[in-house]
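File shown: data37.pdb (PDB, C-alpha atoms, pLDDT in the B column).
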ATOM      1  CA  MET A   1     155.555 181.327  15.990  1.00 86.00           C
ATOM      2  CA  GLU A   2     158.113 178.655  16.841  1.00 90.00           C
ATOM      3  CA  ALA A   3     155.944 177.469  19.743  1.00 92.00           C
ATOM      4  CA  LEU A   4     153.194 176.479  17.312  1.00 93.00           C
ATOM      5  CA  TYR A   5     155.525 173.989  15.648  1.00 94.00           C
ATOM      6  CA  LEU A   6     155.611 172.153  18.977  1.00 94.00           C
ATOM      7  CA  LEU A   7     152.092 172.786  20.286  1.00 96.00           C
ATOM      8  CA  ILE A   8     150.086 171.744  17.208  1.00 96.00           C
ATOM      9  CA  PRO A   9     151.607 168.240  16.855  1.00 96.00           C
ATOM     10  CA  LEU A  10     151.517 167.824  20.627  1.00 97.00           C
ATOM     11  CA  SER A  11     147.808 168.690  20.732  1.00 97.00           C
ATOM     12  CA  VAL A  12     147.091 166.255  17.897  1.00 98.00           C
ATOM     13  CA  VAL A  13     148.868 163.493  19.823  1.00 98.00           C
ATOM     14  CA  VAL A  14     146.892 164.335  22.988  1.00 98.00           C
ATOM     15  CA  VAL A  15     143.597 164.181  21.053  1.00 98.00           C
ATOM     16  CA  PHE A  16     144.469 160.780  19.601  1.00 98.00           C
ATOM     17  CA  ILE A  17     145.419 159.463  23.052  1.00 98.00           C
ATOM     18  CA  ALA A  18     142.126 160.742  24.490  1.00 98.00           C
ATOM     19  CA  LEU A  19     140.154 159.103  21.671  1.00 97.00           C
ATOM     20  CA  TRP A  20     142.033 155.831  22.176  1.00 97.00           C
ATOM     21  CA  VAL A  21     141.252 155.859  25.908  1.00 96.00           C
ATOM     22  CA  TYR A  22     137.567 156.627  25.241  1.00 94.00           C
ATOM     23  CA  PHE A  23     137.099 153.897  22.636  1.00 94.00           C
ATOM     24  CA  THR A  24     139.013 151.359  24.734  1.00 95.00           C
ATOM     25  CA  ALA A  25     136.722 152.063  27.686  1.00 91.00           C
ATOM     26  CA  SER A  26     133.673 151.946  25.433  1.00 89.00           C
ATOM     27  CA  ASP A  27     134.659 148.582  23.959  1.00 90.00           C
ATOM     28  CA  SER A  28     135.232 147.086  27.391  1.00 89.00           C
ATOM     29  CA  GLY A  29     131.671 147.951  28.502  1.00 83.00           C
ATOM     30  CA  GLN A  30     132.551 150.811  30.828  1.00 83.00           C
ATOM     31  CA  PHE A  31     129.551 152.907  29.724  1.00 80.00           C
ATOM     32  CA  ASP A  32     126.886 150.211  29.414  1.00 83.00           C
ATOM     33  CA  ASP A  33     124.511 151.235  32.203  1.00 81.00           C
ATOM     34  CA  LEU A  34     124.907 154.670  33.724  1.00 77.00           C
ATOM     35  CA  VAL A  35     121.455 154.970  35.311  1.00 84.00           C
ATOM     36  CA  GLY A  36     120.904 151.568  36.937  1.00 83.00           C
ATOM     37  CA  PRO A  37     123.522 151.673  39.717  1.00 77.00           C
ATOM     38  CA  GLY A  38     122.412 155.153  40.762  1.00 79.00           C
ATOM     39  CA  LEU A  39     118.790 154.062  41.017  1.00 81.00           C
ATOM     40  CA  ARG A  40     119.644 150.880  42.915  1.00 79.00           C
ATOM     41  CA  VAL A  41     121.153 152.982  45.687  1.00 76.00           C
ATOM     42  CA  LEU A  42     117.842 154.804  46.114  1.00 79.00           C
ATOM     43  CA  GLN A  43     115.705 151.672  46.360  1.00 77.00           C
ATOM     44  CA  ASP A  44     114.885 151.007  49.989  1.00 69.00           C
ATOM     45  CA  ASP A  45     114.664 147.328  50.830  1.00 67.00           C
ATOM     46  CA  ASP A  46     113.442 147.008  54.419  1.00 65.00           C
ATOM     47  CA  THR A  47     112.020 143.512  54.089  1.00 68.00           C
ATOM     48  CA  PRO A  48     114.127 140.813  55.725  1.00 67.00           C
ATOM     49  CA  PRO A  49     115.449 138.099  53.451  1.00 67.00           C
ATOM     50  CA  GLU A  50     113.453 134.896  53.306  1.00 75.00           C
ATOM     51  CA  ALA A  51     114.508 132.278  55.813  1.00 69.00           C
ATOM     52  CA  ALA A  52     116.388 129.470  54.189  1.00 67.00           C
ATOM     53  CA  PRO A  53     115.004 125.971  54.793  1.00 69.00           C
ATOM     54  CA  PRO A  54     116.942 123.958  57.368  1.00 69.00           C
ATOM     55  CA  PRO A  55     119.609 121.725  55.893  1.00 73.00           C
ATOM     56  CA  ALA A  56     118.540 118.136  55.322  1.00 72.00           C
ATOM     57  CA  THR A  57     120.239 115.599  57.531  1.00 74.00           C
ATOM     58  CA  GLN A  58     121.554 112.452  55.926  1.00 70.00           C
ATOM     59  CA  ARG A  59     120.526 109.139  57.495  1.00 68.00           C
ATOM     60  CA  GLU A  60     122.437 106.004  56.753  1.00 58.00           C
TER      61      GLU A  60
END
As a first step, turn the structure in this file into structure tokens.
Amino acid sequence: MEALYLLIPLSVVVVFIALWVYFTASDSGQFDDLVGPGLRVLQDDDTPPEAAPPPATQRE
């Protein structure tokens, strides 16, 4: 019975810490887009990038 006097307040503190961590991560935008990065990995882009135009030379 004496162990409950320690475990119940300790578990309440752990729950509040977990909620604080979750809401801090949520406010900072950690969970904004969960699907997009996973789908971008699967997109196959075999086309070469467009050639950049040659740099313009300056004439004085």
Any chance you could work out the axis-aligned box around segment 14-31 of chain A, listed atoms only, 3 Å on each side, giving centre and edge lengths in Å to one decimal, as AutoDock Vina command-line options?
--center_x 138.2 --center_y 155.7 --center_z 25.2 --size_x 23.3 --size_y 23.2 --size_z 17.2
Task: Straight-line distance linking atom CA of Tyr5 of chain A with atom CA of Ala18 of chain A, stated in Å to one decimal - done: 20.8 Å
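Here atom CA of Arg40 of chain A and atom CA of Ser28 of chain A stand 22.3 Å from one another.
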